[in-house]
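K.L.:
Have a look at the structure that comes next, please.
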Amino acid sequence: MNISKPEQRVLHVLTQGGAIDHVRGPNGKVKSVTCYTRDGHVLTDCTLAVFTRLKIRRMIRSTDGKPYRISVLGRRSVRAQMDNH
């Protein structure tokens, strides 16, 4: 499966313990997202379009309205990458 660079970055952050916080509009659809690293920093690569693609591919999931986390499929799909901190 082809995964774009922004999608890889988001999946890598989620694998390390990050989360995607979402805000729903009055119609119930997600209208904005913010990706937080495990240290609390915001990842700017996580746009609504990237979030939608990851959600459609079932690489992220949310349980009981909590922030989105990486799914098992997402963990299998993410490429190994050095931590750049």
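Naming works like this for the structure tokens: A, B, ... for the chains as they're shown, residue 1 at the start of each chain, ligands 1 onward in shown order.
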Tell me which protein, DNA and RNA residues are within 9 Å of Ala19 in chain A, counting only C-alpha atoms, leaving out same-chain ones fewer than 3 positions away, and put them as number ranges by chain.
P.N.:
A: 13-14, 34-38, 67-70
K.L.:
Deliver the residues from the most recent selection as a file, using N, CA and C atoms, as a short mmCIF file (atom, residue, chain, number, x, y, z; two decimals), in the first residue's frame.
P.N.:
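So selection.cif came out as:
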data_model
loop_
_atom_site.label_atom_id
_atom_site.label_comp_id
_atom_site.auth_asym_id
_atom_site.auth_seq_id
_atom_site.Cartn_x
_atom_site.Cartn_y
_atom_site.Cartn_z
N VAL A 13 4.36 9.36 14.47
CA VAL A 13 4.07 10.06 15.73
C VAL A 13 3.07 9.28 16.56
N LEU A 14 2.05 8.73 15.91
CA LEU A 14 1.05 7.95 16.64
C LEU A 14 1.64 6.66 17.20
N THR A 34 -6.17 18.02 15.25
CA THR A 34 -4.87 18.45 15.74
C THR A 34 -4.13 17.22 16.21
N CYS A 35 -2.94 17.00 15.66
CA CYS A 35 -2.14 15.83 16.02
C CYS A 35 -1.12 16.26 17.06
N TYR A 36 -1.11 15.58 18.21
CA TYR A 36 -0.18 15.85 19.29
C TYR A 36 0.83 14.72 19.41
N THR A 37 2.09 15.08 19.59
CA THR A 37 3.11 14.08 19.86
C THR A 37 3.01 13.65 21.31
N ARG A 38 3.76 12.64 21.70
CA ARG A 38 3.71 12.18 23.08
C ARG A 38 4.24 13.24 24.05
N PRO A 67 -9.58 10.59 21.63
CA PRO A 67 -8.72 10.95 20.50
C PRO A 67 -8.36 9.73 19.65
N TYR A 68 -8.11 9.98 18.37
CA TYR A 68 -7.75 8.91 17.45
C TYR A 68 -6.35 8.41 17.75
N ARG A 69 -6.17 7.10 17.72
CA ARG A 69 -4.88 6.45 17.92
C ARG A 69 -4.61 5.54 16.73
N ILE A 70 -3.40 5.04 16.64
CA ILE A 70 -3.05 4.16 15.53
C ILE A 70 -3.69 2.79 15.75
#
K.L.:
Within 12 Å of Lys31 in chain A, counting only C-alpha atoms, which residues qualify if same-chain residues fewer than 6 places away don't, as a ChimeraX atom specification?
P.N.:
/A:21-25,47-49,51-52
K.L.:
Select from range 16-70 of chain A everything DSSP, run on the backbone, classes as strand (DSSP E), then give the selection as a ChimeraX atom specification.
P.N.:
/A:19-24,30-36,42-43,60-61,69-70
K.L.:
Export, as a compact mmCIF listing (two decimals), in the first residue's frame, the selected residues with C-alpha atoms.
P.N.:
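Okay, this is what ended up in result.txt:
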# COMPACT_ATOMS: atom_id res chain seq x y z
CA ALA A 19 -2.89 11.14 19.42
CA ILE A 20 -5.16 13.04 17.04
CA ASP A 21 -7.68 15.27 18.77
CA HIS A 22 -10.78 16.04 16.71
CA VAL A 23 -13.65 18.53 16.74
CA ARG A 24 -17.01 17.56 15.29
CA VAL A 30 -15.08 15.80 11.92
CA LYS A 31 -14.38 19.41 10.95
CA SER A 32 -10.87 19.95 12.39
CA VAL A 33 -8.02 17.81 13.70
CA THR A 34 -4.87 18.45 15.74
CA CYS A 35 -2.14 15.83 16.02
CA TYR A 36 -0.18 15.85 19.29
CA VAL A 42 1.59 19.84 17.57
CA LEU A 43 2.42 18.12 14.27
CA ILE A 60 -6.36 5.08 12.83
CA ARG A 61 -9.36 4.58 15.07
CA ARG A 69 -4.88 6.45 17.92
CA ILE A 70 -3.05 4.16 15.53
K.L.:
Going by DSSP on the backbone, which residues of chain A come out as helix (DSSP H, G or I)? List them as an mmCIF file with N, CA and C atoms, in the first residue's frame.
P.N.:
data_model
loop_
_atom_site.group_PDB
_atom_site.id
_atom_site.type_symbol
_atom_site.label_atom_id
_atom_site.label_comp_id
_atom_site.auth_asym_id
_atom_site.auth_seq_id
_atom_site.Cartn_x
_atom_site.Cartn_y
_atom_site.Cartn_z
ATOM 1 N N LYS A 5 4.284 10.785 2.356
ATOM 2 C CA LYS A 5 5.190 11.213 3.421
ATOM 3 C C LYS A 5 4.447 11.832 4.604
ATOM 4 N N PRO A 6 3.477 12.724 4.370
ATOM 5 C CA PRO A 6 2.741 13.258 5.531
ATOM 6 C C PRO A 6 2.002 12.170 6.314
ATOM 7 N N GLU A 7 1.447 11.185 5.610
ATOM 8 C CA GLU A 7 0.770 10.089 6.288
ATOM 9 C C GLU A 7 1.769 9.276 7.107
ATOM 10 N N GLN A 8 2.971 9.045 6.550
ATOM 11 C CA GLN A 8 4.013 8.323 7.283
ATOM 12 C C GLN A 8 4.408 9.075 8.545
ATOM 13 N N ARG A 9 4.554 10.396 8.443
ATOM 14 C CA ARG A 9 4.933 11.200 9.611
ATOM 15 C C ARG A 9 3.881 11.096 10.711
ATOM 16 N N VAL A 10 2.627 11.186 10.317
ATOM 17 C CA VAL A 10 1.543 11.099 11.298
ATOM 18 C C VAL A 10 1.518 9.721 11.939
ATOM 19 N N LEU A 11 1.626 8.669 11.143
ATOM 20 C CA LEU A 11 1.626 7.312 11.690
ATOM 21 C C LEU A 11 2.816 7.091 12.620
ATOM 22 N N HIS A 12 3.965 7.651 12.276
ATOM 23 C CA HIS A 12 5.145 7.497 13.113
ATOM 24 C C HIS A 12 4.939 8.170 14.469
ATOM 25 N N VAL A 13 4.362 9.357 14.467
ATOM 26 C CA VAL A 13 4.073 10.060 15.727
ATOM 27 C C VAL A 13 3.068 9.275 16.563
ATOM 28 N N LEU A 14 2.051 8.728 15.915
ATOM 29 C CA LEU A 14 1.045 7.948 16.638
ATOM 30 C C LEU A 14 1.637 6.663 17.197
ATOM 31 N N THR A 15 2.569 6.049 16.466
ATOM 32 C CA THR A 15 3.217 4.834 16.945
ATOM 33 C C THR A 15 4.007 5.105 18.213
ATOM 34 N N LEU A 48 -6.681 17.842 7.654
ATOM 35 C CA LEU A 48 -7.951 17.120 7.585
ATOM 36 C C LEU A 48 -7.935 16.098 6.440
ATOM 37 N N ALA A 49 -7.262 16.429 5.340
ATOM 38 C CA ALA A 49 -7.169 15.502 4.204
ATOM 39 C C ALA A 49 -6.351 14.255 4.576
ATOM 40 N N VAL A 50 -5.232 14.446 5.257
ATOM 41 C CA VAL A 50 -4.405 13.316 5.692
ATOM 42 C C VAL A 50 -5.183 12.465 6.690
ATOM 43 N N PHE A 51 -5.850 13.115 7.627
ATOM 44 C CA PHE A 51 -6.661 12.410 8.618
ATOM 45 C C PHE A 51 -7.736 11.561 7.933
ATOM 46 N N THR A 52 -8.407 12.136 6.952
ATOM 47 C CA THR A 52 -9.471 11.424 6.241
ATOM 48 C C THR A 52 -8.929 10.203 5.512
ATOM 49 N N ARG A 53 -7.787 10.352 4.844
ATOM 50 C CA ARG A 53 -7.189 9.210 4.136
ATOM 51 C C ARG A 53 -6.799 8.098 5.107
ATOM 52 N N LEU A 54 -6.216 8.455 6.247
ATOM 53 C CA LEU A 54 -5.831 7.439 7.231
ATOM 54 C C LEU A 54 -7.057 6.758 7.820
ATOM 55 N N LYS A 55 -8.117 7.516 8.031
ATOM 56 C CA LYS A 55 -9.340 6.953 8.601
ATOM 57 C C LYS A 55 -10.020 6.006 7.604
ATOM 58 N N ILE A 56 -10.077 6.403 6.344
ATOM 59 C CA ILE A 56 -10.692 5.564 5.313
ATOM 60 C C ILE A 56 -9.921 4.259 5.154
ATOM 61 N N VAL A 72 -4.064 -1.465 14.585
ATOM 62 C CA VAL A 72 -3.139 -2.572 14.324
ATOM 63 C C VAL A 72 -2.677 -2.526 12.868
ATOM 64 N N LEU A 73 -3.598 -2.265 11.952
ATOM 65 C CA LEU A 73 -3.235 -2.162 10.534
ATOM 66 C C LEU A 73 -2.248 -1.015 10.309
ATOM 67 N N GLY A 74 -2.457 0.096 10.998
ATOM 68 C CA GLY A 74 -1.540 1.228 10.890
ATOM 69 C C GLY A 74 -0.152 0.884 11.389
ATOM 70 N N ARG A 75 -0.073 0.120 12.487
ATOM 71 C CA ARG A 75 1.233 -0.299 13.014
ATOM 72 C C ARG A 75 1.966 -1.203 12.027
ATOM 73 N N ARG A 76 1.227 -2.053 11.347
ATOM 74 C CA ARG A 76 1.845 -2.933 10.357
ATOM 75 C C ARG A 76 2.301 -2.164 9.125
ATOM 76 N N SER A 77 1.636 -1.070 8.801
ATOM 77 C CA SER A 77 1.902 -0.332 7.572
ATOM 78 C C SER A 77 3.013 0.702 7.706
#
K.L.:
Please, what distance in Å, to one decimal, runs between CA of Gly28 in chain A and CA of Ser4 in chain A?
P.N.:
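Computing the Euclidean distance for CA of Gly28 in chain A and CA of Ser4 in chain A yields 27.4 Å.
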K.L.:
Tell me, in Å to one decimal, how far CA of His41 in chain A is from CA of Gln16 in chain A.
P.N.:
12.8 Å
K.L.:
From the list A:Gly17, A:Pro26, A:Ser71, A:Ser62, which residue is nearest Asp39 in chain A when using only C-alpha atoms?
P.N.:
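Of A:Gly17, A:Pro26, A:Ser71, A:Ser62, the one nearest Asp39 in chain A is A:Gly17, counting only C-alpha atoms.
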